[in-house]
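Okay, protein19.cif is below, mmCIF, C-alpha atoms:
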```
data_run
loop_
_atom_site.label_atom_id
_atom_site.label_comp_id
_atom_site.auth_asym_id
_atom_site.auth_seq_id
_atom_site.Cartn_x
_atom_site.Cartn_y
_atom_site.Cartn_z
CA MET C 261 0.00 0.00 0.00
CA ILE C 262 1.51 3.31 -1.11
CA GLU C 263 0.73 5.98 1.47
CA ARG C 264 -1.57 8.69 0.15
CA THR C 265 -1.47 12.32 1.24
CA LEU C 266 -5.27 12.34 1.51
CA SER C 267 -5.29 9.74 4.34
CA GLY C 268 -4.99 12.31 7.13
CA VAL C 269 -7.64 14.52 5.53
CA ILE C 270 -10.12 11.64 5.36
CA GLU C 271 -9.52 10.68 8.99
CA LYS C 272 -10.08 14.29 10.08
CA ILE C 273 -13.26 14.66 8.00
CA SER C 274 -14.71 11.44 9.39
CA ARG C 275 -14.53 12.84 12.90
CA SER C 276 -16.80 15.74 11.89
CA PHE C 277 -19.10 14.73 9.00
CA PRO C 278 -21.56 11.82 8.88
CA VAL C 279 -20.96 11.33 5.14
CA LEU C 280 -17.73 11.40 3.13
CA LEU C 281 -17.80 11.32 -0.67
CA LEU C 282 -14.51 10.46 -2.39
CA THR C 283 -14.56 11.07 -6.14
CA GLY C 284 -11.99 10.55 -8.87
CA PRO C 285 -11.33 8.60 -12.07
CA ARG C 286 -11.48 4.82 -12.14
CA GLN C 287 -8.46 2.92 -10.81
CA VAL C 288 -6.79 5.81 -8.96
CA GLY C 289 -7.09 3.92 -5.67
CA LYS C 290 -10.25 5.33 -4.04
CA THR C 291 -11.50 2.03 -2.64
CA THR C 292 -8.03 0.80 -1.72
CA LEU C 293 -7.38 3.98 0.25
CA LEU C 294 -10.67 3.89 2.15
CA LYS C 295 -10.39 0.17 2.91
CA HIS C 296 -6.86 0.71 4.22
CA ILE C 297 -8.00 3.51 6.55
CA ALA C 298 -11.10 1.60 7.69
CA GLY C 299 -9.31 -1.62 8.58
CA THR C 300 -11.85 -4.15 9.89
CA GLY C 301 -14.20 -1.64 11.49
CA ARG C 302 -16.42 -0.91 8.49
CA SER C 303 -18.53 -3.06 6.18
CA TYR C 304 -18.10 -2.75 2.43
CA VAL C 305 -20.37 -3.12 -0.59
CA THR C 306 -19.77 -2.29 -4.23
CA LEU C 307 -22.49 -1.32 -6.67
CA ASP C 308 -20.45 -2.87 -9.46
CA ASP C 309 -22.16 -5.99 -8.09
CA LEU C 310 -25.37 -6.12 -10.13
CA GLU C 311 -27.42 -7.77 -7.36
CA GLN C 312 -26.44 -5.12 -4.84
CA ARG C 313 -27.03 -2.40 -7.42
CA ALA C 314 -30.54 -3.68 -8.09
CA LEU C 315 -31.32 -3.80 -4.36
CA ALA C 316 -29.99 -0.28 -3.81
CA ARG C 317 -32.08 1.06 -6.69
CA ASN C 318 -35.31 -0.83 -6.01
CA ASP C 319 -35.38 -0.90 -2.21
CA PRO C 320 -32.89 1.58 -0.71
CA ALA C 321 -34.29 1.17 2.80
CA LEU C 322 -33.76 -2.60 2.71
CA PHE C 323 -30.28 -2.10 1.26
CA LEU C 324 -29.27 0.04 4.24
CA GLN C 325 -30.81 -2.46 6.65
CA ALA C 326 -28.76 -5.23 5.03
CA HIS C 327 -25.59 -3.11 5.23
CA PRO C 328 -25.64 -1.17 8.51
CA ALA C 329 -23.35 1.76 9.25
CA PRO C 330 -20.47 2.33 9.42
CA LEU C 331 -20.50 1.48 5.72
CA LEU C 332 -18.35 2.00 2.64
CA ILE C 333 -20.40 2.08 -0.58
CA ASP C 334 -18.31 1.84 -3.75
CA GLU C 335 -19.44 3.40 -7.09
CA VAL C 336 -22.48 5.05 -5.56
CA GLN C 337 -23.34 6.81 -8.83
CA TYR C 338 -25.17 3.64 -9.90
CA ALA C 339 -27.87 4.18 -7.23
CA PRO C 340 -28.57 7.87 -6.56
CA SER C 341 -31.85 6.76 -4.97
CA LEU C 342 -29.78 5.91 -1.87
CA PHE C 343 -29.10 9.55 -1.04
CA PRO C 344 -32.51 10.43 0.50
CA TYR C 345 -32.34 7.33 2.69
CA ILE C 346 -28.82 8.16 3.85
CA LYS C 347 -30.18 11.61 4.73
CA ILE C 348 -32.95 10.03 6.79
CA HIS C 349 -30.42 7.91 8.67
CA VAL C 350 -28.23 10.92 9.38
CA ASP C 351 -31.14 13.10 10.51
CA ARG C 352 -32.36 10.41 12.89
CA GLY C 353 -29.15 10.64 14.86
CA GLY C 354 -26.40 9.13 12.75
CA ASN C 355 -22.80 9.35 13.85
CA ALA C 356 -19.80 11.08 12.31
CA GLY C 357 -18.19 8.82 9.72
CA ASP C 358 -21.23 6.57 9.24
CA PHE C 359 -21.06 6.56 5.44
CA TRP C 360 -18.07 6.60 3.12
CA LEU C 361 -19.05 6.82 -0.54
CA THR C 362 -16.94 6.59 -3.70
CA GLY C 363 -17.83 7.54 -7.24
CA SER C 364 -16.11 7.89 -10.57
CA GLN C 365 -18.72 10.20 -12.11
CA LYS C 366 -18.61 13.34 -10.00
CA PHE C 367 -20.99 15.51 -12.02
CA GLN C 368 -23.62 12.78 -12.08
CA ILE C 369 -23.37 12.22 -8.32
CA MET C 370 -23.45 15.87 -7.38
CA ALA C 371 -27.10 16.41 -8.32
CA GLY C 372 -28.25 13.88 -5.74
CA VAL C 373 -25.71 14.99 -3.15
CA THR C 374 -26.65 18.66 -3.49
CA GLU C 375 -30.35 17.91 -3.18
CA SER C 376 -30.28 15.36 -0.35
CA LEU C 377 -27.04 15.64 1.61
CA ALA C 378 -26.21 19.35 1.68
CA GLY C 379 -24.54 20.22 4.97
CA ARG C 380 -24.08 16.54 5.83
CA VAL C 381 -21.40 15.48 3.36
CA ALA C 382 -17.74 16.39 2.85
CA ILE C 383 -16.48 15.95 -0.70
CA VAL C 384 -12.84 15.26 -1.55
CA ASP C 385 -11.14 14.30 -4.81
CA LEU C 386 -8.41 11.77 -5.53
CA LEU C 387 -6.29 11.64 -8.68
CA GLY C 388 -3.45 9.29 -9.56
CA LEU C 389 -0.34 9.05 -7.42
CA SER C 390 1.62 12.27 -7.01
CA ASP C 391 5.39 12.14 -7.36
CA ARG C 392 5.78 12.65 -3.61
CA GLU C 393 3.44 9.73 -2.91
CA THR C 394 5.34 7.56 -5.38
CA ARG C 395 8.65 8.15 -3.62
CA GLY C 396 7.26 7.67 -0.12
CA ALA C 397 7.03 11.33 0.89
CA ALA C 398 3.24 11.72 1.05
CA ARG C 399 3.29 13.42 4.44
CA SER C 400 5.63 16.17 3.23
CA SER C 401 3.21 17.29 0.51
CA THR C 402 1.78 20.78 0.89
CA PRO C 403 -0.23 22.87 -1.60
CA PHE C 404 2.15 24.44 -4.11
CA LEU C 405 2.75 28.17 -3.88
CA PRO C 406 6.04 29.75 -5.06
CA THR C 407 6.81 31.56 -1.82
CA SER C 408 10.20 31.41 -0.12
CA GLU C 409 8.63 29.41 2.71
CA TRP C 410 7.23 26.76 0.36
CA VAL C 411 10.46 26.57 -1.65
CA GLY C 412 12.52 26.13 1.51
CA LYS C 413 10.37 23.24 2.76
CA ALA C 414 10.30 21.64 -0.69
CA ARG C 415 14.08 21.86 -0.98
CA ALA C 416 14.51 20.07 2.34
CA THR C 417 12.22 17.17 1.38
CA ALA C 418 12.82 16.85 -2.36
CA GLY C 419 15.31 13.98 -2.34
CA GLU C 420 17.78 13.33 -5.13
CA PRO C 421 17.02 15.10 -8.42
CA SER C 422 15.97 12.88 -11.31
CA PRO C 423 17.82 13.02 -14.65
CA LEU C 424 15.78 13.95 -17.74
CA PRO C 425 15.28 10.33 -18.93
CA ARG C 426 13.88 9.37 -15.53
CA VAL C 427 11.54 12.37 -15.49
CA PHE C 428 10.10 11.41 -18.86
CA GLU C 429 9.86 7.77 -17.88
CA LYS C 430 7.59 8.83 -14.98
CA ILE C 431 5.60 11.08 -17.31
CA TRP C 432 5.23 8.31 -19.90
CA ARG C 433 4.22 5.58 -17.44
CA GLY C 434 1.58 7.74 -15.77
CA SER C 435 0.22 7.84 -12.25
CA TYR C 436 -2.30 5.01 -11.90
CA PRO C 437 -1.33 2.98 -8.80
CA LYS C 438 -1.34 -0.35 -10.62
CA ILE C 439 1.19 0.78 -13.20
CA VAL C 440 3.35 2.64 -10.67
CA ALA C 441 3.44 -0.12 -8.05
CA ASP C 442 4.17 -2.92 -10.54
CA PRO C 443 6.87 -1.96 -13.08
CA ASP C 444 6.22 -5.25 -14.90
CA THR C 445 2.67 -4.23 -15.81
CA PRO C 446 2.55 -4.09 -19.65
CA TRP C 447 2.08 -0.40 -20.39
CA ASP C 448 0.10 -0.69 -23.62
CA ILE C 449 -2.13 -3.53 -22.38
CA PHE C 450 -2.96 -1.62 -19.20
CA TYR C 451 -4.07 1.54 -21.01
CA ARG C 452 -5.91 -0.35 -23.75
CA SER C 453 -7.84 -2.27 -21.09
CA TYR C 454 -8.46 0.90 -19.11
CA LEU C 455 -10.05 2.64 -22.08
CA GLN C 456 -12.14 -0.41 -22.96
CA THR C 457 -13.48 -0.64 -19.40
CA TYR C 458 -14.05 3.12 -19.25
CA ILE C 459 -16.03 3.20 -22.49
CA GLU C 460 -18.11 0.13 -21.61
CA ARG C 461 -18.90 0.97 -17.97
CA ASP C 462 -19.05 4.73 -17.85
CA VAL C 463 -19.55 6.05 -21.33
CA ARG C 464 -21.99 3.49 -22.70
CA ASP C 465 -23.85 2.29 -19.62
CA VAL C 466 -23.94 5.37 -17.41
CA LEU C 467 -23.66 8.29 -19.82
CA SER C 468 -25.44 6.73 -22.82
CA VAL C 469 -22.81 7.53 -25.46
CA ARG C 470 -23.49 4.94 -28.17
CA ASN C 471 -20.92 5.58 -30.91
CA ASP C 472 -17.89 3.89 -29.33
CA ILE C 473 -15.50 4.39 -32.25
CA ALA C 474 -16.27 8.06 -32.71
CA PHE C 475 -15.98 8.64 -28.96
CA TYR C 476 -12.61 6.87 -28.83
CA ASN C 477 -11.37 9.06 -31.70
CA PHE C 478 -12.65 12.08 -29.79
CA VAL C 479 -10.66 11.07 -26.69
CA ARG C 480 -7.53 10.72 -28.84
CA ALA C 481 -8.07 14.12 -30.44
CA THR C 482 -8.56 15.64 -27.00
CA ALA C 483 -5.33 14.08 -25.71
CA ALA C 484 -3.45 15.60 -28.64
CA ARG C 485 -4.61 19.03 -27.47
CA THR C 486 -3.42 18.82 -23.87
CA ALA C 487 -1.93 22.08 -22.55
CA GLN C 488 -3.57 23.99 -25.42
CA MET C 489 -6.39 26.49 -25.66
CA LEU C 490 -9.67 24.67 -26.19
CA ASN C 491 -11.20 25.08 -29.65
CA TYR C 492 -14.47 23.16 -29.81
CA ALA C 493 -14.98 23.82 -33.50
CA ALA C 494 -11.57 22.42 -34.50
CA LEU C 495 -12.04 19.43 -32.20
CA ALA C 496 -15.46 18.64 -33.68
CA ARG C 497 -14.13 19.05 -37.22
CA ASP C 498 -11.24 16.65 -36.65
CA VAL C 499 -13.53 13.91 -35.36
CA GLU C 500 -16.34 14.68 -37.83
CA ILE C 501 -18.99 15.35 -35.20
CA ASP C 502 -21.14 18.41 -34.62
CA LEU C 503 -20.28 21.16 -32.16
CA LYS C 504 -23.04 20.20 -29.72
CA THR C 505 -21.75 16.63 -29.55
CA ALA C 506 -18.17 17.81 -29.00
CA LYS C 507 -19.26 19.93 -26.04
CA SER C 508 -21.34 17.09 -24.62
CA TRP C 509 -18.53 14.54 -24.96
CA LEU C 510 -15.98 16.87 -23.38
CA SER C 511 -18.32 17.24 -20.41
CA VAL C 512 -18.26 13.43 -20.21
CA LEU C 513 -14.45 13.45 -20.00
CA ARG C 514 -14.57 16.11 -17.29
CA ALA C 515 -17.23 14.18 -15.35
CA SER C 516 -15.02 11.09 -15.50
CA GLY C 517 -12.00 12.95 -14.15
CA LEU C 518 -9.95 12.43 -17.30
CA VAL C 519 -9.52 16.08 -18.26
CA ALA C 520 -9.64 19.48 -16.58
CA LEU C 521 -10.35 22.91 -18.01
CA VAL C 522 -8.40 25.87 -16.66
CA GLU C 523 -10.41 29.04 -17.10
CA PRO C 524 -8.81 32.34 -18.16
CA TYR C 525 -8.22 34.90 -15.46
CA HIS C 526 -10.17 38.11 -15.90
CA ASN C 527 -11.76 40.83 -13.84
CA ASN C 528 -13.47 44.11 -14.60
CA VAL C 529 -10.21 45.73 -15.76
CA THR C 530 -9.08 42.93 -18.11
CA LYS C 531 -10.90 44.08 -21.21
CA ARG C 532 -8.50 42.55 -23.73
CA VAL C 533 -8.15 39.09 -22.22
CA VAL C 534 -8.83 36.01 -24.38
CA LYS C 535 -11.70 34.24 -22.64
CA THR C 536 -10.96 30.69 -23.79
CA PRO C 537 -10.21 27.86 -21.34
CA LYS C 538 -7.10 25.72 -21.50
CA LEU C 539 -7.40 21.94 -21.58
CA TYR C 540 -5.27 19.46 -19.63
CA PHE C 541 -5.35 15.67 -19.54
CA LEU C 542 -5.14 14.47 -15.93
CA ASP C 543 -2.86 11.49 -16.49
CA THR C 544 0.21 11.79 -18.68
CA GLY C 545 0.54 8.03 -19.18
CA LEU C 546 -2.95 7.74 -20.63
CA CYS C 547 -2.30 10.87 -22.70
CA SER C 548 0.95 9.39 -24.04
CA TYR C 549 -0.80 6.15 -24.96
CA LEU C 550 -3.61 7.94 -26.77
CA THR C 551 -1.20 10.09 -28.77
CA GLY C 552 0.94 7.15 -29.87
CA TRP C 553 4.25 7.57 -28.01
CA SER C 554 5.43 4.01 -27.47
CA THR C 555 8.53 4.75 -25.35
CA PRO C 556 9.70 7.47 -22.95
CA GLU C 557 12.52 8.27 -25.38
CA THR C 558 10.24 8.94 -28.34
CA LEU C 559 7.97 11.03 -26.12
CA GLU C 560 10.83 13.19 -24.86
CA ALA C 561 12.18 13.73 -28.37
CA GLY C 562 8.78 14.19 -30.01
CA ALA C 563 6.67 17.16 -30.95
CA MET C 564 4.53 16.94 -27.79
CA ASN C 565 7.39 16.98 -25.27
CA GLY C 566 6.75 20.55 -24.11
CA ALA C 567 2.97 20.08 -23.87
CA ILE C 568 3.26 16.79 -22.02
CA PHE C 569 5.80 18.27 -19.59
CA GLU C 570 3.48 21.20 -18.90
CA THR C 571 0.62 18.75 -18.39
CA TYR C 572 2.69 16.78 -15.87
CA VAL C 573 3.57 19.93 -13.90
CA PHE C 574 -0.06 21.08 -13.89
CA CYS C 575 -1.19 17.67 -12.61
CA GLU C 576 1.40 17.69 -9.81
CA ILE C 577 0.34 21.19 -8.74
CA LEU C 578 -3.34 20.19 -8.81
CA LYS C 579 -2.66 17.03 -6.78
CA SER C 580 -0.75 19.04 -4.18
CA TYR C 581 -4.03 20.82 -3.44
CA LEU C 582 -6.64 18.09 -3.94
CA HIS C 583 -4.70 15.48 -1.97
CA ASN C 584 -4.50 17.94 0.93
CA GLY C 585 -8.26 18.43 0.82
CA ALA C 586 -8.01 21.87 -0.79
CA TYR C 587 -9.50 23.24 -4.00
CA PRO C 588 -7.21 25.70 -5.77
CA SER C 589 -8.14 28.75 -7.78
CA ILE C 590 -5.96 28.14 -10.85
CA TYR C 591 -6.25 30.16 -14.05
CA HIS C 592 -4.26 30.93 -17.17
CA TYR C 593 -3.73 34.30 -18.81
CA ARG C 594 -3.68 35.36 -22.44
CA ASP C 595 -4.62 38.67 -23.99
CA SER C 596 -5.08 40.10 -27.46
CA ASP C 597 -1.45 41.26 -27.49
CA GLN C 598 -0.38 37.60 -27.23
CA SER C 599 0.93 38.04 -23.70
CA GLU C 600 0.54 34.62 -22.12
CA ILE C 601 1.16 33.09 -18.70
CA ASP C 602 0.82 29.33 -18.26
CA LEU C 603 -0.80 29.36 -14.81
CA LEU C 604 -2.01 31.89 -12.26
CA ILE C 605 -2.74 30.72 -8.73
CA GLU C 606 -5.02 33.04 -6.79
CA ARG C 607 -4.79 32.79 -3.03
CA ASP C 608 -5.74 35.19 -0.25
CA GLY C 609 -6.31 38.02 -2.73
CA ALA C 610 -2.92 37.66 -4.45
CA LEU C 611 -1.93 36.25 -7.85
CA TYR C 612 1.10 33.98 -8.25
CA PRO C 613 2.28 33.63 -11.89
CA ILE C 614 3.79 30.34 -13.06
CA GLU C 615 5.64 29.50 -16.27
CA ILE C 616 6.50 25.89 -17.15
CA LYS C 617 9.58 25.25 -19.27
CA LYS C 618 11.24 22.01 -20.39
CA THR C 619 14.74 23.34 -19.83
CA ALA C 620 17.47 23.11 -17.20
CA THR C 621 18.64 26.68 -17.84
CA PRO C 622 15.65 29.03 -17.71
CA SER C 623 16.25 32.72 -18.22
CA LEU C 624 14.40 35.74 -16.89
CA ASN C 625 13.03 36.17 -20.41
CA ALA C 626 10.70 33.26 -19.66
CA THR C 627 8.82 35.57 -17.29
CA LYS C 628 8.61 38.63 -19.54
CA HIS C 629 4.81 38.51 -19.60
CA PHE C 630 4.47 38.61 -15.82
CA ALA C 631 4.66 42.41 -16.07
CA VAL C 632 1.22 42.58 -17.72
CA LEU C 633 -0.34 41.61 -14.38
CA LYS C 634 0.48 45.00 -12.87
CA HIS C 635 -2.55 46.61 -14.48
CA LEU C 636 -4.98 44.16 -12.84
CA LYS C 637 -5.09 46.14 -9.57
CA LYS C 638 -4.28 42.96 -7.64
CA THR C 639 -1.47 42.02 -5.28
CA ILE C 640 1.12 40.09 -7.28
CA GLY C 641 2.93 37.45 -5.24
CA PRO C 642 6.22 35.72 -6.04
CA GLY C 643 6.41 34.04 -9.45
CA ALA C 644 8.10 30.86 -10.62
CA VAL C 645 9.49 29.05 -13.61
CA VAL C 646 9.02 25.33 -13.00
CA CYS C 647 11.73 23.60 -14.96
CA LEU C 648 14.33 20.80 -15.06
CA ARG C 649 16.96 22.41 -12.85
CA GLU C 650 18.41 20.30 -10.03
CA THR C 651 18.18 23.10 -7.43
CA ASP C 652 16.15 26.28 -7.10
CA VAL C 653 17.73 29.60 -8.04
CA PRO C 654 16.41 33.19 -8.03
CA LEU C 655 15.93 34.70 -11.47
CA SER C 656 15.03 38.08 -10.00
CA ARG C 657 13.81 39.51 -6.71
CA GLU C 658 10.27 38.36 -7.54
CA VAL C 659 10.81 35.15 -9.55
CA ALA C 660 12.55 31.83 -8.79
CA ALA C 661 13.39 28.86 -10.97
CA ILE C 662 11.93 25.82 -9.18
CA PRO C 663 12.88 22.24 -10.06
CA VAL C 664 10.01 19.98 -11.07
CA GLY C 665 11.30 17.53 -8.46
CA TYR C 666 10.25 19.94 -5.71
CA LEU C 667 6.58 19.39 -6.56
#
```
Can you present the structure in this file as structure tokens?
Amino acid sequence: MIERTLSGVIEKISRSFPVLLLTGPRQVGKTTLLKHIAGTGRSYVTLDDLEQRALARNDPALFLQAHPAPLLIDEVQYAPSLFPYIKIHVDRGGNAGDFWLTGSQKFQIMAGVTESLAGRVAIVDLLGLSDRETRGAARSSTPFLPTSEWVGKARATAGEPSPLPRVFEKIWRGSYPKIVADPDTPWDIFYRSYLQTYIERDVRDVLSVRNDIAFYNFVRATAARTAQMLNYAALARDVEIDLKTAKSWLSVLRASGLVALVEPYHNNVTKRVVKTPKLYFLDTGLCSYLTGWSTPETLEAGAMNGAIFETYVFCEILKSYLHNGAYPSIYHYRDSDQSEIDLLIERDGALYPIEIKKTATPSLNATKHFAVLKHLKKTIGPGAVVCLRETDVPLSREVAAIPVGYL
């Protein structure tokens, strides 16, 4: 069992809330994590079991009688009719930690949760293994922010820097626990099976997408656009589907936790900003498989190396927040003058600009667009260039080069 940063958060939540909902893509370790924390003190039922699913749908009250609290219900999205009955249990005097729920379709679950369990449920998200979790440093993970305090702590707990081939091997393999924990797992077979299961269980059965081949081609086209501005029209044209279908299918990928959209930063003084979101795949191994890179070496030398490196950095930053039970305010910036900043983190009223560069020798020129933020009438915090250096180094009084290994 690889220790997960989220373990302490879950234990803390369960002392305060009667219901915990853990969401995330399939096979990122949701059930394994909760079973590990629960030990032998909690019963378990999965709604992947068709008999249990039918009982939960047709007679929720009997289902909860057959499986008394404290209870872990896996893949609860298959029986949203359970939520009102969980509410009844809680309101009749349930205890903190009575119900742990998992689901791999967050958007679908949220309708029932919002209606029935508001104020009674704590919601946390789990993605694939972070780099810190992979190397046994889960407890040292803190939400990324390029302040001197964060950099100092990261420096002290970073471990030995990885050479470029090792970095791209991690990027290429991806972050699913099965493929990280077992190096002998056949990479291509794992991802082919993952996509087949995903399309059959989630896309066809739950979300009613019927054209499997077209949807698979859509997923591939989306992967090829990771770390790029989202253009629905171009995406629809490449897959030969209409614009409405492209938007619907992208919402499916977001609901499944396979992609994230980073919205552009704007306020009432940013009149010239480009208001188009940026798209990121949430696992670089799956993204590499879908875009046809068969080895880490071909990926590193190929046309997508910069985009895939940026995707990896974004995912590590996002995990540093989610796996600590926090939800970051992350944006990107681009205006009509072509000034562009990869990421902006907003925290406590300040903006922290981030550039991501696949280089070991970043220059201050990489941050030339940070100056455009001065007109936003916001506090601008320290900036960073996340790169392939072995140690951090100041590029100016306001900007540091931060090694990707610090994340």
Considering all atoms listed in the file, return as a PDB file with C-alpha atoms, in the frame of the given file whatever protein or nucleic-acid residues lie within 9 Å of Leu539 in chain C, sequence-local ones (same chain, fewer than 6 positions apart) excluded.
```pdb
ATOM      1  CA  THR C 482      -8.560  15.640 -27.000  1.00  0.00           C
ATOM      2  CA  ARG C 485      -4.610  19.030 -27.470  1.00  0.00           C
ATOM      3  CA  THR C 486      -3.420  18.820 -23.870  1.00  0.00           C
ATOM      4  CA  ALA C 487      -1.930  22.080 -22.550  1.00  0.00           C
ATOM      5  CA  GLN C 488      -3.570  23.990 -25.420  1.00  0.00           C
ATOM      6  CA  MET C 489      -6.390  26.490 -25.660  1.00  0.00           C
ATOM      7  CA  LEU C 490      -9.670  24.670 -26.190  1.00  0.00           C
ATOM      8  CA  VAL C 519      -9.520  16.080 -18.260  1.00  0.00           C
ATOM      9  CA  ALA C 520      -9.640  19.480 -16.580  1.00  0.00           C
ATOM     10  CA  LEU C 521     -10.350  22.910 -18.010  1.00  0.00           C
ATOM     11  CA  VAL C 522      -8.400  25.870 -16.660  1.00  0.00           C
ATOM     12  CA  GLU C 523     -10.410  29.040 -17.100  1.00  0.00           C
TER      13      GLU C 523
END
```
- Item | Expected answer as number ranges by chain: all residues with atoms within 12 Å of (-11.8, 3.3, -23.4), only C-alpha atoms | C: 286, 449-464, 469, 472-480, 513, 516, 518, 546, 549-550
- Any chance you could work out the residue set of the PyMOL selection byres ((chain C and resi 413) around 12) here, as an NGL selection string? :C and (400-412 or 414-419 or 652 or 666-667)
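Across the model, the gap from CA of Glu420 in chain C to CA of Arg399 in chain C is 17.4 Å.
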- Task: For the structure provided, state which residues fall under the PyMOL selection byres ((chain C and resi 269) around 12), and present them as a VMD selection string.
- Result: chain C and resid 264 to 268 270 to 277 280 282 293 to 294 297 382 to 386 399 581 to 586
- List, as a list in words, every residue that the PyMOL selection byres ((chain C and resi 494) around 12) selects in the file provided.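 Applied to this file, the PyMOL selection byres ((chain C and resi 494) around 12) selects Phe478, Ala481, Thr482, Arg485, Met489, Leu490, Asn491, Tyr492, Ala493, Leu495, Ala496, Arg497, Asp498, Val499, Glu500, Ile501, Asp502, Leu503, Ala506 and Lys507 of chain C.
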Taking only residues of range 324-436 of chain C that have an atom at most 6 Å from an atom of range 303-313 of chain C, what is each one's shortest atom pair and its distance in Å to one decimal, using all atoms listed in the file, in chain and number order, as a Markdown table?
```
| residue | atom | partner | partner_atom | distance |
| --- | --- | --- | --- | --- |
| C:Leu331 | CA | C:Ser303 | CA | 5.0 |
| C:Leu332 | CA | C:Tyr304 | CA | 4.8 |
| C:Ile333 | CA | C:Val305 | CA | 5.2 |
| C:Asp334 | CA | C:Thr306 | CA | 4.4 |
| C:Glu335 | CA | C:Leu307 | CA | 5.6 |
```
- Query: What gap, in Å, lies between CA of Asn355 in chain C and CA of Tyr338 in chain C?
  - Reply: 24.5 Å
Please export range 412-427 of chain C as a PDB file, in the first residue's frame, restricted to N, CA and C atoms.
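And here is the file that came out, decode.pdb:
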```pdb
ATOM      1  N   GLY C 412      11.602  26.635   0.505  1.00  0.00           N
ATOM      2  CA  GLY C 412      12.524  26.130   1.513  1.00  0.00           C
ATOM      3  C   GLY C 412      12.130  24.753   2.020  1.00  0.00           C
ATOM      4  N   LYS C 413      10.843  24.554   2.300  1.00  0.00           N
ATOM      5  CA  LYS C 413      10.373  23.243   2.760  1.00  0.00           C
ATOM      6  C   LYS C 413      10.511  22.195   1.656  1.00  0.00           C
ATOM      7  N   ALA C 414      10.202  22.583   0.422  1.00  0.00           N
ATOM      8  CA  ALA C 414      10.300  21.641  -0.688  1.00  0.00           C
ATOM      9  C   ALA C 414      11.749  21.218  -0.915  1.00  0.00           C
ATOM     10  N   ARG C 415      12.655  22.159  -0.807  1.00  0.00           N
ATOM     11  CA  ARG C 415      14.081  21.861  -0.977  1.00  0.00           C
ATOM     12  C   ARG C 415      14.543  20.816   0.031  1.00  0.00           C
ATOM     13  N   ALA C 416      14.068  20.958   1.270  1.00  0.00           N
ATOM     14  CA  ALA C 416      14.508  20.073   2.345  1.00  0.00           C
ATOM     15  C   ALA C 416      13.960  18.654   2.218  1.00  0.00           C
ATOM     16  N   THR C 417      12.867  18.483   1.473  1.00  0.00           N
ATOM     17  CA  THR C 417      12.217  17.172   1.384  1.00  0.00           C
ATOM     18  C   THR C 417      12.193  16.606  -0.030  1.00  0.00           C
ATOM     19  N   ALA C 418      12.920  17.226  -0.952  1.00  0.00           N
ATOM     20  CA  ALA C 418      12.821  16.852  -2.364  1.00  0.00           C
ATOM     21  C   ALA C 418      13.524  15.549  -2.702  1.00  0.00           C
ATOM     22  N   GLY C 419      14.564  15.174  -1.974  1.00  0.00           N
ATOM     23  CA  GLY C 419      15.313  13.979  -2.338  1.00  0.00           C
ATOM     24  C   GLY C 419      16.259  14.252  -3.493  1.00  0.00           C
ATOM     25  N   GLU C 420      16.830  13.194  -4.036  1.00  0.00           N
ATOM     26  CA  GLU C 420      17.778  13.325  -5.127  1.00  0.00           C
ATOM     27  C   GLU C 420      17.072  13.747  -6.414  1.00  0.00           C
ATOM     28  N   PRO C 421      17.646  14.695  -7.158  1.00  0.00           N
ATOM     29  CA  PRO C 421      17.023  15.099  -8.424  1.00  0.00           C
ATOM     30  C   PRO C 421      17.071  13.976  -9.447  1.00  0.00           C
ATOM     31  N   SER C 422      16.045  13.914 -10.276  1.00  0.00           N
ATOM     32  CA  SER C 422      15.972  12.882 -11.315  1.00  0.00           C
ATOM     33  C   SER C 422      16.545  13.406 -12.620  1.00  0.00           C
ATOM     34  N   PRO C 423      17.353  12.602 -13.325  1.00  0.00           N
ATOM     35  CA  PRO C 423      17.819  13.021 -14.652  1.00  0.00           C
ATOM     36  C   PRO C 423      16.654  13.066 -15.636  1.00  0.00           C
ATOM     37  N   LEU C 424      16.849  13.768 -16.747  1.00  0.00           N
ATOM     38  CA  LEU C 424      15.782  13.945 -17.735  1.00  0.00           C
ATOM     39  C   LEU C 424      15.145  12.629 -18.189  1.00  0.00           C
ATOM     40  N   PRO C 425      15.938  11.581 -18.514  1.00  0.00           N
ATOM     41  CA  PRO C 425      15.282  10.331 -18.934  1.00  0.00           C
ATOM     42  C   PRO C 425      14.351   9.759 -17.868  1.00  0.00           C
ATOM     43  N   ARG C 426      14.728   9.891 -16.608  1.00  0.00           N
ATOM     44  CA  ARG C 426      13.881   9.373 -15.530  1.00  0.00           C
ATOM     45  C   ARG C 426      12.610  10.196 -15.396  1.00  0.00           C
ATOM     46  N   VAL C 427      12.724  11.521 -15.555  1.00  0.00           N
ATOM     47  CA  VAL C 427      11.537  12.371 -15.490  1.00  0.00           C
ATOM     48  C   VAL C 427      10.537  11.961 -16.563  1.00  0.00           C
TER      49      VAL C 427
END
```
